[in-house]
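> What follows is data_22.txt; its format and atoms are compact mmCIF, C-alpha atoms and all ligand atoms.
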# COMPACT_ATOMS: atom_id res chain seq x y z
CA MET Q 1 -5.03 29.51 -11.18
CA GLY Q 2 -5.30 25.86 -12.24
CA SER Q 3 -7.58 23.44 -10.46
CA LYS Q 4 -4.61 21.42 -9.15
CA VAL Q 5 -3.08 24.51 -7.53
CA ARG Q 6 -6.44 25.38 -5.96
CA LEU Q 7 -6.82 21.84 -4.62
CA ARG Q 8 -3.24 21.77 -3.30
CA ASN Q 9 -3.72 25.11 -1.50
CA TYR Q 10 -7.04 23.92 -0.08
CA PHE Q 11 -5.55 20.66 1.25
CA LEU Q 12 -2.64 22.57 2.78
CA SER Q 13 -4.94 25.03 4.54
CA ASN Q 14 -7.13 22.19 5.85
CA ILE Q 15 -4.54 19.86 7.38
CA GLY Q 16 -6.14 17.25 9.60
CA ARG Q 17 -9.74 18.02 8.56
CA VAL Q 18 -11.78 15.40 6.73
CA MET Q 19 -13.11 16.81 3.45
CA THR Q 20 -15.81 15.48 1.15
CA SER Q 21 -15.75 14.93 -2.60
CA ASP Q 22 -18.54 17.53 -3.04
CA GLU Q 23 -16.44 20.12 -1.28
CA LEU Q 24 -13.31 19.32 -3.30
CA ARG Q 25 -15.16 19.30 -6.59
CA GLU Q 26 -16.37 22.81 -5.78
CA VAL Q 27 -12.84 23.94 -4.84
CA SER Q 28 -11.58 22.66 -8.20
CA GLY Q 29 -14.11 24.95 -9.91
CA ASN Q 30 -16.41 22.00 -10.70
CA GLN Q 31 -13.81 20.52 -13.01
CA SER Q 32 -14.78 17.04 -14.18
CA GLU Q 33 -11.16 15.97 -13.71
CA TRP Q 34 -10.97 16.98 -10.03
CA ALA Q 35 -10.42 13.41 -8.79
CA ARG Q 36 -7.60 12.91 -11.28
CA ARG Q 37 -5.96 16.14 -10.04
CA ILE Q 38 -6.07 14.74 -6.48
CA ARG Q 39 -4.46 11.52 -7.70
CA GLU Q 40 -1.70 13.59 -9.29
CA LEU Q 41 -1.11 15.43 -6.02
CA ARG Q 42 -0.54 11.98 -4.51
CA THR Q 43 1.45 10.25 -7.21
CA GLU Q 44 3.38 13.13 -8.78
CA GLU Q 45 3.83 15.51 -5.88
CA GLY Q 46 3.93 12.94 -3.09
CA PHE Q 47 1.18 14.39 -0.86
CA GLN Q 48 -0.13 11.67 1.46
CA ILE Q 49 -3.81 12.35 0.81
CA LEU Q 50 -5.73 9.60 2.59
CA THR Q 51 -9.02 7.97 1.55
CA HIS Q 52 -11.13 5.08 2.84
CA ASN Q 53 -8.65 2.77 1.11
CA ASP Q 54 -5.96 3.96 3.50
CA ARG Q 55 -7.92 4.48 6.67
CA SER Q 56 -10.90 2.48 7.88
CA ASP Q 57 -12.34 5.47 9.74
CA LEU Q 58 -12.77 7.39 6.47
CA LYS Q 59 -15.92 6.84 4.41
CA PRO Q 60 -15.90 6.57 0.61
CA GLY Q 61 -15.73 10.11 -0.79
CA GLN Q 62 -13.81 11.49 2.17
CA TYR Q 63 -10.29 12.85 1.88
CA LEU Q 64 -7.77 13.77 4.54
CA LEU Q 65 -4.29 15.26 4.52
CA GLU Q 66 -2.61 15.00 7.92
CA ASN Q 67 0.97 15.77 7.02
CA PRO Q 68 1.75 18.86 4.90
CA LYS Q 69 5.16 17.44 3.96
CA PRO Q 70 5.15 15.43 0.72
CA GLU Q 71 7.02 12.12 0.58
CA PRO Q 72 10.70 12.72 -0.13
CA VAL Q 73 11.53 13.03 -3.80
CA PHE Q 74 13.80 9.97 -3.88
CA ALA Q 75 10.85 7.75 -3.05
CA ARG Q 76 9.31 8.90 -6.33
CA THR Q 77 12.36 8.79 -8.59
CA ILE Q 78 11.92 5.05 -9.11
CA SER Q 79 10.73 4.62 -12.67
CA LYS Q 80 7.33 3.16 -13.54
CA GLU Q 81 9.12 0.24 -15.21
CA THR Q 82 11.15 -0.53 -12.07
CA ARG Q 83 8.04 -0.28 -9.89
CA ALA Q 84 6.16 -2.66 -12.18
CA PHE Q 85 9.11 -5.06 -12.27
CA VAL Q 86 9.47 -5.16 -8.47
CA LEU Q 87 5.72 -5.54 -7.87
CA ASP Q 88 5.55 -8.38 -10.38
CA ARG Q 89 8.62 -10.10 -8.94
CA ASN Q 90 7.10 -9.87 -5.46
CA GLY Q 91 3.78 -11.27 -6.72
CA PHE Q 92 1.91 -8.05 -5.81
CA THR Q 93 2.32 -9.10 -2.18
CA CYS Q 94 3.67 -7.14 0.76
CA GLN Q 95 7.03 -8.68 1.60
CA MET Q 96 6.56 -8.10 5.31
CA CYS Q 97 3.02 -9.17 6.14
CA GLY Q 98 1.91 -11.00 2.98
CA ALA Q 99 -1.03 -8.68 2.25
CA VAL Q 100 -2.09 -8.85 -1.41
CA ALA Q 101 -2.63 -5.69 -3.50
CA GLY Q 102 -6.30 -4.78 -3.82
CA GLU Q 103 -7.46 -7.33 -1.22
CA SER Q 104 -8.54 -6.54 2.32
CA HIS Q 105 -5.60 -5.97 4.62
CA PRO Q 106 -5.21 -8.92 7.05
CA TYR Q 107 -4.91 -6.56 10.03
CA ASP Q 108 -7.72 -4.22 9.04
CA LEU Q 109 -10.24 -5.96 6.83
CA SER Q 110 -12.01 -2.70 5.96
CA ARG Q 111 -8.82 -1.34 4.42
CA LYS Q 112 -7.78 -2.28 0.89
CA THR Q 113 -4.12 -3.20 0.57
CA ARG Q 114 -2.16 -0.61 -1.38
CA LEU Q 115 1.43 -1.49 -2.23
CA HIS Q 116 4.40 0.84 -2.17
CA ILE Q 117 7.97 0.27 -3.21
CA GLY Q 118 10.28 0.23 -0.20
CA HIS Q 119 14.06 0.10 0.11
CA ILE Q 120 15.59 -2.97 1.75
CA ILE Q 121 18.65 -0.96 2.78
CA ASP Q 122 17.44 2.57 3.47
CA LYS Q 123 18.68 5.42 1.28
CA THR Q 124 20.07 7.09 4.40
CA GLN Q 125 22.20 3.95 4.96
CA GLY Q 126 23.58 4.05 1.42
CA GLY Q 127 20.94 1.85 -0.24
CA ASP Q 128 20.28 2.45 -3.95
CA ASP Q 129 17.21 2.48 -6.22
CA LEU Q 130 18.13 -0.73 -8.09
CA PRO Q 131 15.50 -3.49 -8.17
CA SER Q 132 17.77 -5.68 -6.00
CA ASN Q 133 17.38 -3.16 -3.17
CA LEU Q 134 13.63 -2.70 -3.62
CA ARG Q 135 10.61 -4.63 -2.41
CA ALA Q 136 6.84 -4.34 -2.33
CA LEU Q 137 5.45 -3.12 0.99
CA CYS Q 138 1.85 -2.39 1.94
CA SER Q 139 1.00 1.02 3.36
CA VAL Q 140 0.68 -0.46 6.86
CA CYS Q 141 4.18 -1.97 6.83
CA ASN Q 142 5.57 1.01 4.93
CA GLU Q 143 4.41 3.27 7.75
CA GLY Q 144 6.24 1.02 10.18
CA ALA Q 145 3.06 0.34 12.13
CA SER Q 146 3.53 -3.36 11.50
CA ASN Q 147 6.60 -3.49 13.71
CA LEU Q 148 4.27 -3.02 16.64
CA THR Q 149 1.53 -5.39 15.61
CA LEU Q 150 3.12 -8.01 13.40
CA ASP Q 151 5.25 -10.49 15.25
CA ARG Q 152 6.05 -13.26 12.82
CA PRO Q 153 4.18 -16.32 14.06
CA SER Q 154 6.25 -19.42 14.84
CA SER Q 155 5.69 -22.63 12.88
CA GLN Q 156 4.27 -24.16 16.06
CA LYS Q 157 1.63 -21.43 16.33
CA LEU Q 158 0.88 -21.66 12.62
CA LEU Q 159 0.36 -25.42 12.79
CA ILE Q 160 -2.09 -25.03 15.67
CA GLN Q 161 -4.08 -22.57 13.54
CA VAL Q 162 -3.89 -24.67 10.39
CA ARG Q 163 -5.01 -27.87 12.16
CA ARG Q 164 -8.11 -26.06 13.43
CA ALA Q 165 -8.97 -24.64 9.99
CA LYS Q 166 -11.56 -26.12 7.60
CA GLY Q 167 -10.28 -28.53 4.96
CA LYS Q 168 -11.21 -26.03 2.25
CA ASP Q 169 -8.98 -23.40 3.86
CA GLN Q 170 -6.17 -25.90 4.43
CA LEU Q 171 -6.26 -26.71 0.70
CA GLU Q 172 -6.20 -23.00 -0.10
CA LEU Q 173 -3.04 -22.75 2.02
CA LEU Q 174 -1.52 -25.80 0.32
CA LYS Q 175 -2.13 -24.20 -3.06
CA TRP Q 176 -0.40 -21.02 -1.91
CA LEU Q 177 2.56 -22.95 -0.50
CA VAL Q 178 2.97 -25.05 -3.65
CA GLU Q 179 3.02 -21.87 -5.73
CA LYS Q 180 5.48 -20.24 -3.38
CA PHE Q 181 7.81 -23.26 -3.11
CA PRO Q 182 7.62 -25.11 -6.44
CA ARG Q 183 11.10 -26.63 -6.23
CA GLN Q 184 10.71 -27.89 -2.65
CA THR Q 185 7.26 -29.27 -3.48
CA LYS Q 186 8.74 -31.33 -6.27
CA GLU Q 187 11.41 -32.66 -3.91
CA PHE Q 188 8.78 -33.73 -1.38
CA ILE Q 189 6.85 -35.65 -4.02
CA ASP Q 190 9.86 -37.44 -5.52
ZN ZN Q 201 2.46 -5.34 4.89
Could you write out this file's structure as structure tokens?


Amino acid sequence: MGSKVRLRNYFLSNIGRVMTSDELREVSGNQSEWARRIRELRTEEGFQILTHNDRSDLKPGQYLLENPKPEPVFARTISKETRAFVLDRNGFTCQMCGAVAGESHPYDLSRKTRLHIGHIIDKTQGGDDLPSNLRALCSVCNEGASNLTLDRPSSQKLLIQVRRAKGKDQLELLKWLVEKFPRQTKEFID
């Protein structure tokens, strides 16, 4: 039996229990490629194996599978090229909350932002897999948790925050806005 099969079986018989890298390496038969096999279970088979990058209560080297059901196949039929195109077009930024890939998530600073490709119109509502119907979403927004926590702030609330910020941070914001709205920026200056 291959190490990936052993790891898959082990995850599936330990749903909801936090496992350590030592334990999983042993299950794999001390294969040097054990971590890569776990990545394949995530990316190729769609198992939602969680690490400290997904959940702040997990420590580095801990793994957890809570849901035995892999992500539906259609979520993984989007080609690597399309994924790369959409991520690049969206500036590697979650289109709901603005979290940036690889940076700390704004709503849980201990969690690194991991981006997924989400459908704008859901597949169940007839949406397709074309880039025009796809967008980058962080794991928080992808899970729908953001609907509860992320009310979009009004411009009035934003201005109150921005006025209180340090000049350095205001300039940082200006830089971001100029990059986001190049055409409008030009119009303001002219
Ligand atoms: Zn998000």

> Kindly compile the residues surrounding ligand ZN 201 (chain Q) within 9 Å, counting all atoms listed in the file, and format them as a list of chain:residue names.

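Here is the list of contacting residues: Q:Thr93, Q:Cys94, Q:Gln95, Q:Met96, Q:Cys97, Q:Gly98, Q:Ala99, Q:Val100, Q:His105, Q:Pro106, Q:Thr113, Q:Leu115, Q:Ala136, Q:Leu137, Q:Cys138, Q:Ser139, Q:Val140, Q:Cys141, Q:Asn142, Q:Ser146, Q:Leu150.
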
> Padding of 5 Å on every side, edges along x, y and z, all listed atoms of segment 152-157 of chain Q included: what centre and edge lengths in Å, to one decimal, does that box have, as AutoDock Vina command-line options?


--center_x 3.9 --center_y -18.7 --center_z 14.6 --size_x 14.6 --size_y 20.9 --size_z 13.5

> In the coordinate frame of the file, compute which residues have an atom within 10 Å of (2.6, 8.0, -6.8) when using all atoms listed in the file, and state them as a count of residues only.

16

> From the list Q:Ile49, Q:Met1, Q:Leu159, Q:Ala101, which residue is nearest Leu87 of chain Q when using all atoms listed in the file?

Q:Ala101

> Please, what distance in Å, to one decimal, runs between atom CA of Val162 of chain Q and atom CA of Asp88 of chain Q?

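Computing it gives 28.0 Å between the two atoms.
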
> Quick one: residues within 8 Å of segment 59-63 of chain Q, all atoms listed in the file counted, chain neighbours fewer than 5 positions away excluded, as a list in words?

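In the requested format, the answer is Val18, Met19, Thr20, Ser21, Ile49, Leu50, Thr51 and His52 of chain Q.
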
> For the atom pair atom CA of Leu177 of chain Q and atom CA of Asp190 of chain Q, what is the interatomic distance in Å to one decimal place?

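If I compute the distance from atom CA of Leu177 of chain Q to atom CA of Asp190 of chain Q, I get 17.0 Å.
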
> From the list Q:Arg135, Q:Leu174, Q:Asp108, Q:Gly2, which residue is nearest Asp122 of chain Q when using only C-alpha atoms?

Q:Arg135

> Please measure the separation of atom CA of Ser155 of chain Q and atom CA of Leu173 of chain Q, giving the value in Å to one decimal.

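Between atom CA of Ser155 of chain Q and atom CA of Leu173 of chain Q the gap works out to 13.9 Å.
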
> Which protein, DNA or RNA residues are at most 12 Å from (20.0, -4.2, -4.3) in the file's coordinates when you count all atoms listed in the file, listed as a list in words?

Val86, Gly118, His119, Ile120, Ile121, Asp122, Lys123, Gly126, Gly127, Asp128, Asp129, Leu130, Pro131, Ser132, Asn133, Leu134 and Arg135 of chain Q

> Between Q:Arg163, Q:Arg114, Q:Arg25, Q:Arg183, which residue has the minimum interatomic distance to Arg6 of chain Q, considering all atoms listed in the file?

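Of the candidates, the smallest distance to Arg6 of chain Q is held by Q:Arg25.
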
> Of the candidates Q:Gly91, Q:Ser28, Q:Thr124, Q:Glu23, which one gets nearest to Leu7 of chain Q if we count all atoms listed in the file?

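Distance minimum relative to Leu7 of chain Q lands on Q:Ser28.
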
> Kindly indicate which residue among Q:Asn14, Q:Lys180, Q:Ile117, Q:Lys112 lies nearest to Ser79 of chain Q, using only C-alpha atoms for the distances.

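Residue with the minimum atom-to-atom distance to Ser79 of chain Q: Q:Ile117.
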